[in-house]
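Asks: Handing over final_19.txt, compact mmCIF, C-alpha atoms.
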```
# COMPACT_ATOMS: atom_id res chain seq x y z
CA MET A 25 85.94 31.50 81.88
CA ARG A 26 84.55 33.69 84.66
CA LEU A 27 87.88 33.55 86.50
CA HIS A 28 89.70 34.60 83.32
CA ILE A 29 87.38 37.58 82.87
CA SER A 30 87.87 38.56 86.52
CA ARG A 31 91.65 38.48 86.07
CA ARG A 32 91.42 40.70 82.99
CA ARG A 33 89.19 43.16 84.83
CA ALA A 34 91.51 43.22 87.84
CA GLN A 35 94.52 43.84 85.62
CA ALA A 36 92.73 46.59 83.72
CA LEU A 37 91.79 48.28 87.01
CA THR A 38 95.40 47.93 88.19
CA VAL A 39 96.65 49.70 85.06
CA ILE A 40 94.13 52.51 85.56
CA ALA A 41 95.06 52.86 89.24
CA VAL A 42 98.81 52.96 88.55
CA PHE A 43 98.31 55.39 85.67
CA LEU A 44 96.16 57.82 87.68
CA ALA A 45 98.38 57.60 90.77
CA VAL A 46 101.58 58.38 88.86
CA VAL A 47 100.07 61.23 86.85
CA ILE A 48 98.42 62.81 89.91
CA ILE A 49 101.55 62.54 92.09
CA ASP A 50 103.75 63.83 89.27
CA GLN A 51 101.52 66.81 88.58
CA ALA A 52 101.05 67.61 92.28
CA ILE A 53 104.82 67.78 92.76
CA LYS A 54 105.36 69.89 89.64
CA ILE A 55 102.58 72.35 90.41
CA TRP A 56 103.79 72.78 94.00
CA VAL A 57 107.36 73.41 92.87
CA LYS A 58 106.30 75.77 90.09
CA THR A 59 104.04 77.86 92.34
CA HIS A 60 106.27 77.89 95.45
CA MET A 61 109.81 78.13 94.06
CA CYS A 62 111.44 80.52 91.61
CA LEU A 63 113.38 79.12 88.68
CA HIS A 64 116.75 77.61 89.75
CA GLU A 65 115.90 77.88 93.45
CA SER A 66 116.99 74.86 95.46
CA ILE A 67 116.00 73.28 98.75
CA ARG A 68 118.59 71.11 100.49
CA VAL A 69 117.07 67.89 101.80
CA THR A 70 120.38 66.11 102.48
CA ASP A 71 123.94 66.53 101.22
CA TRP A 72 123.09 64.16 98.35
CA PHE A 73 119.48 65.18 97.60
CA TYR A 74 118.15 68.60 96.58
CA ILE A 75 114.87 69.94 95.25
CA LEU A 76 116.20 72.10 92.42
CA PHE A 77 113.61 73.77 90.21
CA THR A 78 114.55 73.70 86.53
CA GLU A 79 112.62 73.61 83.27
CA ASN A 80 113.56 72.07 79.95
CA ASN A 81 112.24 71.86 76.39
CA GLY A 82 113.43 68.37 75.67
CA MET A 83 113.52 64.77 76.72
CA ALA A 84 114.08 63.11 80.08
CA PHE A 85 116.86 64.36 82.39
CA GLY A 86 116.98 67.76 80.66
CA MET A 87 118.27 66.59 77.28
CA GLU A 88 117.28 68.66 74.24
CA LEU A 89 117.64 66.92 70.87
CA PHE A 90 114.75 67.84 68.57
CA ASP A 91 112.11 70.51 68.09
CA LYS A 92 109.62 70.54 70.95
CA ILE A 93 106.57 69.69 68.85
CA PHE A 94 108.20 66.48 67.59
CA LEU A 95 109.09 65.46 71.13
CA THR A 96 105.56 66.12 72.35
CA LEU A 97 103.99 64.22 69.46
CA GLY A 98 106.47 61.42 70.06
CA ARG A 99 105.40 61.17 73.70
CA ILE A 100 101.74 61.08 72.67
CA LEU A 101 102.40 58.31 70.14
CA LEU A 102 104.44 56.38 72.70
CA THR A 103 101.63 56.61 75.25
CA GLY A 104 99.06 55.42 72.71
CA ALA A 105 101.29 52.55 71.58
CA VAL A 106 101.93 51.39 75.15
CA ALA A 107 98.20 51.60 75.96
CA TRP A 108 97.40 49.47 72.90
CA TYR A 109 100.12 46.99 73.84
CA ILE A 110 98.88 46.77 77.43
CA ALA A 111 95.38 45.91 76.16
CA ARG A 112 96.86 43.13 74.02
CA CYS A 113 98.93 41.83 76.92
CA ILE A 114 95.97 41.75 79.31
CA ARG A 115 94.07 39.71 76.74
CA ASP A 116 96.97 37.26 76.54
CA GLY A 117 97.40 36.86 80.31
CA ILE A 118 100.46 38.97 81.02
CA LYS A 119 102.26 38.71 84.36
CA TRP A 120 101.32 41.32 86.96
CA GLY A 121 104.82 42.71 87.42
CA LEU A 122 105.33 43.19 83.69
CA LEU A 123 101.95 44.86 83.46
CA VAL A 124 102.82 47.34 86.21
CA CYS A 125 106.10 48.20 84.45
CA LEU A 126 104.26 48.99 81.22
CA ALA A 127 101.69 51.04 83.14
CA LEU A 128 104.50 53.06 84.76
CA ILE A 129 106.03 53.82 81.36
CA MET A 130 102.68 54.94 79.96
CA ALA A 131 101.91 57.09 83.01
CA GLY A 132 105.38 58.64 83.08
CA ALA A 133 105.10 59.63 79.43
CA MET A 134 101.66 61.13 80.07
CA GLY A 135 102.98 63.10 83.06
CA ASN A 136 105.42 64.96 80.82
CA ILE A 137 102.86 65.31 78.04
CA VAL A 138 100.67 67.35 80.40
CA ASP A 139 103.52 69.82 80.93
CA CYS A 140 104.14 70.18 77.20
CA LEU A 141 100.50 70.57 76.24
CA PHE A 142 99.10 72.76 79.01
CA TYR A 143 101.73 74.50 81.14
CA GLY A 144 102.46 77.13 78.51
CA LEU A 145 98.75 77.97 78.43
CA ILE A 146 97.96 78.08 82.16
CA PHE A 147 101.13 79.47 83.81
CA ASN A 148 103.01 82.74 83.51
CA SER A 149 106.81 82.79 83.55
CA PRO A 150 108.11 85.61 85.76
CA ALA A 151 111.79 86.31 86.26
CA PRO A 152 113.32 85.17 89.57
CA PRO A 153 112.85 85.79 92.44
CA GLN A 154 109.13 85.79 91.60
CA VAL A 155 107.32 82.46 91.38
CA ALA A 156 104.92 81.37 88.65
CA SER A 157 101.16 81.51 89.07
CA PHE A 158 98.09 80.34 87.21
CA VAL A 159 96.68 82.64 84.52
CA PRO A 160 93.46 82.49 82.48
CA PHE A 161 93.62 79.65 79.95
CA GLY A 162 95.52 80.68 76.83
CA GLU A 163 97.27 83.70 78.42
CA GLY A 164 100.37 81.87 79.58
CA TYR A 165 103.97 82.05 78.48
CA SER A 166 103.59 79.83 75.38
CA THR A 167 101.19 77.87 73.14
CA TRP A 168 100.00 74.30 72.71
CA PHE A 169 102.84 71.73 72.58
CA TYR A 170 105.47 74.24 73.73
CA GLY A 171 105.13 74.17 77.50
CA HIS A 172 108.28 73.56 79.53
CA VAL A 173 108.73 70.28 81.40
CA VAL A 174 109.30 70.86 85.13
CA ASP A 175 112.23 69.01 86.74
CA MET A 176 113.23 69.14 90.38
CA LEU A 177 114.92 65.94 91.66
CA TYR A 178 118.68 66.34 91.96
CA PHE A 179 120.95 63.69 93.48
CA PRO A 180 124.62 64.82 93.56
CA LEU A 181 125.75 61.62 95.27
CA PHE A 182 129.48 62.35 95.08
CA SER A 183 131.96 64.44 93.12
CA TRP A 184 135.63 64.84 92.34
CA ASP A 185 138.07 66.90 90.27
CA TRP A 186 139.70 65.16 87.33
CA PRO A 187 143.55 65.21 87.42
CA LEU A 188 145.09 67.87 85.23
CA TRP A 189 146.90 65.24 83.14
CA MET A 190 143.61 63.66 82.00
CA PRO A 191 142.86 64.38 78.31
CA PHE A 192 139.68 66.35 77.47
CA CYS A 193 138.42 66.56 81.07
CA GLY A 194 141.56 67.39 83.05
CA GLY A 195 140.91 69.85 85.88
CA GLU A 196 137.14 69.73 85.48
CA HIS A 197 134.78 69.09 88.37
CA PHE A 198 132.65 65.95 87.97
CA ILE A 199 129.35 65.32 89.78
CA PHE A 200 127.56 61.98 89.93
CA PHE A 201 124.56 62.06 89.47
CA SER A 202 124.21 65.47 87.76
CA PRO A 203 120.98 65.24 85.65
CA ILE A 204 117.87 66.83 87.17
CA PHE A 205 114.65 64.93 86.57
CA ASN A 206 111.05 64.59 87.75
CA PHE A 207 108.80 61.89 89.18
CA ALA A 208 107.54 60.88 85.72
CA ASP A 209 111.11 60.38 84.47
CA ALA A 210 111.89 58.28 87.55
CA CYS A 211 108.87 56.04 86.92
CA ILE A 212 109.84 55.46 83.29
CA SER A 213 113.49 54.73 84.11
CA SER A 214 112.64 52.40 87.00
CA ALA A 215 110.15 50.50 84.85
CA VAL A 216 112.60 50.09 81.96
CA ILE A 217 115.32 48.84 84.33
CA ALA A 218 112.87 46.38 85.92
CA LEU A 219 111.81 45.11 82.47
CA VAL A 220 115.42 44.48 81.46
CA LEU A 221 116.41 42.85 84.76
CA PHE A 222 113.36 40.78 85.63
CA TYR A 223 111.29 40.25 82.48
CA PRO A 224 113.61 39.79 79.46
CA LYS A 225 112.19 36.35 78.61
CA GLN A 226 108.59 37.52 78.86
CA LEU A 227 109.31 40.50 76.60
CA THR A 228 110.97 38.22 74.05
CA LEU A 229 108.00 35.84 74.11
CA LEU A 230 105.53 38.67 73.66
CA LEU A 231 107.45 40.13 70.74
CA ASP A 232 107.76 36.71 69.08
CA LYS A 233 104.02 36.20 69.49
CA GLU A 234 103.31 39.56 67.85
CA LYS A 235 105.49 38.62 64.85
CA LYS A 236 103.73 35.28 64.43
CA GLU A 237 100.30 36.92 64.53
CA GLU A 238 101.12 39.50 61.84
CA PRO A 239 100.92 37.10 58.83
CA ASN A 240 97.68 35.64 60.21
CA ALA A 241 96.17 39.11 60.49
CA GLU A 242 97.16 39.93 56.89
CA SER A 243 95.74 36.68 55.53
```
Please lay out the structure from this file as structure tokens.
Replies:
Amino acid sequence: MRLHISRRRAQALTVIAVFLAVVIIDQAIKIWVKTHMCLHESIRVTDWFYILFTENNGMAFGMELFDKIFLTLGRILLTGAVAWYIARCIRDGIKWGLLVCLALIMAGAMGNIVDCLFYGLIFNSPAPPQVASFVPFGEGYSTWFYGHVVDMLYFPLFSWDWPLWMPFCGGEHFIFFSPIFNFADACISSAVIALVLFYPKQLTLLLDKEKKEEPNAES
């Protein structure tokens, strides 16, 4: 019994450590980029890796699908749901690797939530070539829920021009990988890929267990 409690405590501390580390690293990178680079400025690291400062109103990798407030609320709900699920999994003796993946997803979502909630309140938004700076709380470029998410990681690994005879895209220049993302996005994507590749059976078992417990909880 004591060993079981120690395992739960160790796993809970692991989740907290992963969560704090990801959020702190993510925010440190974003704040440095935002206060040292003007919008759309780039720094060449290698031919296939650039630090390119962009901002977006939408989801991961710069996509914009819905109104910002719905996206922000969705991230908050996702973070709460994953936190609740992690607590259930720790109680049921989840594997360490699966636990870390869930913690990365929760932390990555929180990293972008911070941008949406607070950046519009604490940063100004000057036109290039000026860089942003902190302002008194509430005097920034926007309001609650409408801050811009900071992206900066750009990996144009290779590119080519489509032949002119190709339908729809003929003559266009194609870059792989063109989306620009941040550390939080990378953590979420890496965790999801790891879950699919290494823990499909464990996820299926956990979901089946949740379904079996639902009738018992109602009765």
Asks: Distance CA of Ala36 in chain A-CA of Ala133 in chain A, one decimal place?
Replies: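 Result for CA of Ala36 in chain A versus CA of Ala133 in chain A: 18.5 Å, one decimal.
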Asks: Env of range 92-100 of chain A: 8 Å cut, atoms = all atoms listed in the file, seq-sep filter 5 positions within chain, self excluded. Answer as a list in words.
Replies: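 After dropping sequence-adjacent residues, the list is Asn81, Gly82, Met83, Ala133, Met134, Ile137, Cys140, Leu141, Phe169 and Tyr170 of chain A.
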Asks: Filtering to C-alpha atoms, could you give me those residues as an mmCIF file, keeping the file's coordinate frame?
Replies:
```cif
data_model
loop_
_atom_site.group_PDB
_atom_site.id
_atom_site.type_symbol
_atom_site.label_atom_id
_atom_site.label_comp_id
_atom_site.auth_asym_id
_atom_site.auth_seq_id
_atom_site.Cartn_x
_atom_site.Cartn_y
_atom_site.Cartn_z
ATOM 1 C CA ASN A 81 112.240 71.860 76.390
ATOM 2 C CA GLY A 82 113.430 68.370 75.670
ATOM 3 C CA MET A 83 113.520 64.770 76.720
ATOM 4 C CA ALA A 133 105.100 59.630 79.430
ATOM 5 C CA MET A 134 101.660 61.130 80.070
ATOM 6 C CA ILE A 137 102.860 65.310 78.040
ATOM 7 C CA CYS A 140 104.140 70.180 77.200
ATOM 8 C CA LEU A 141 100.500 70.570 76.240
ATOM 9 C CA PHE A 169 102.840 71.730 72.580
ATOM 10 C CA TYR A 170 105.470 74.240 73.730
#
```
Asks: What is the CA of Ile199 in chain A to CA of Pro180 in chain A distance in Å?
Replies: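 Computing the Euclidean distance for CA of Ile199 in chain A and CA of Pro180 in chain A yields 6.1 Å.
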Asks: Counting all atoms listed in the file, which of A:Gly135, A:Pro224, A:Gly144, A:Gly195 gets nearest to Ala52 in chain A?
Replies: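 Of A:Gly135, A:Pro224, A:Gly144, A:Gly195, the one nearest Ala52 in chain A, counting all atoms listed in the file, is A:Gly135.
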Asks: Excluding same-chain residues fewer than 4 positions from range 150-161 of chain A, what lies within 9 Å of it counting only C-alpha atoms, as a ChimeraX atom specification?
Replies: /A:58-65,142,145-146
Asks: Once you count all atoms listed in the file, which residues end up no further than 10 Å from (103.9, 43.6, 86.6) in the file's frame, shown as a list in words?
Replies: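 All residues meeting the 10 Å criterion around (103.9, 43.6, 86.6) are Gln35, Thr38, Val39, Ile118, Lys119, Trp120, Gly121, Leu122, Leu123, Val124, Cys125, Leu126, Ala127, Leu128, Ala215, Ala218, Leu219, Phe222 and Tyr223 of chain A.
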Asks: Excluding same-chain residues fewer than 4 positions from Phe205 in chain A, what lies within 12 Å of it counting only C-alpha atoms, as a PyMOL selection string?
Replies: chain A and resi 50+53-54+74-80+82-87+132+136+173-179+201+209-213
Asks: Could you tell me how far CA of Leu227 in chain A sits from CA of Leu37 in chain A, in Å to one decimal place?
Replies: 21.8 Å
Asks: I'd like to know which of A:Val220, A:Ile110, A:Val138, A:Ala105 is closest to Ile55 in chain A, using all atoms listed in the file.
Replies: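 Smallest distance to Ile55 in chain A is found for A:Val138.
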Asks: Of the residues A:Ser66, A:Gly104, A:Ile129, A:Gln51, which is the one nearest to Ser214 in chain A, using all atoms listed in the file?
Replies: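 Going through A:Ser66, A:Gly104, A:Ile129, A:Gln51 one by one, the smallest distance to Ser214 in chain A is for A:Ile129.
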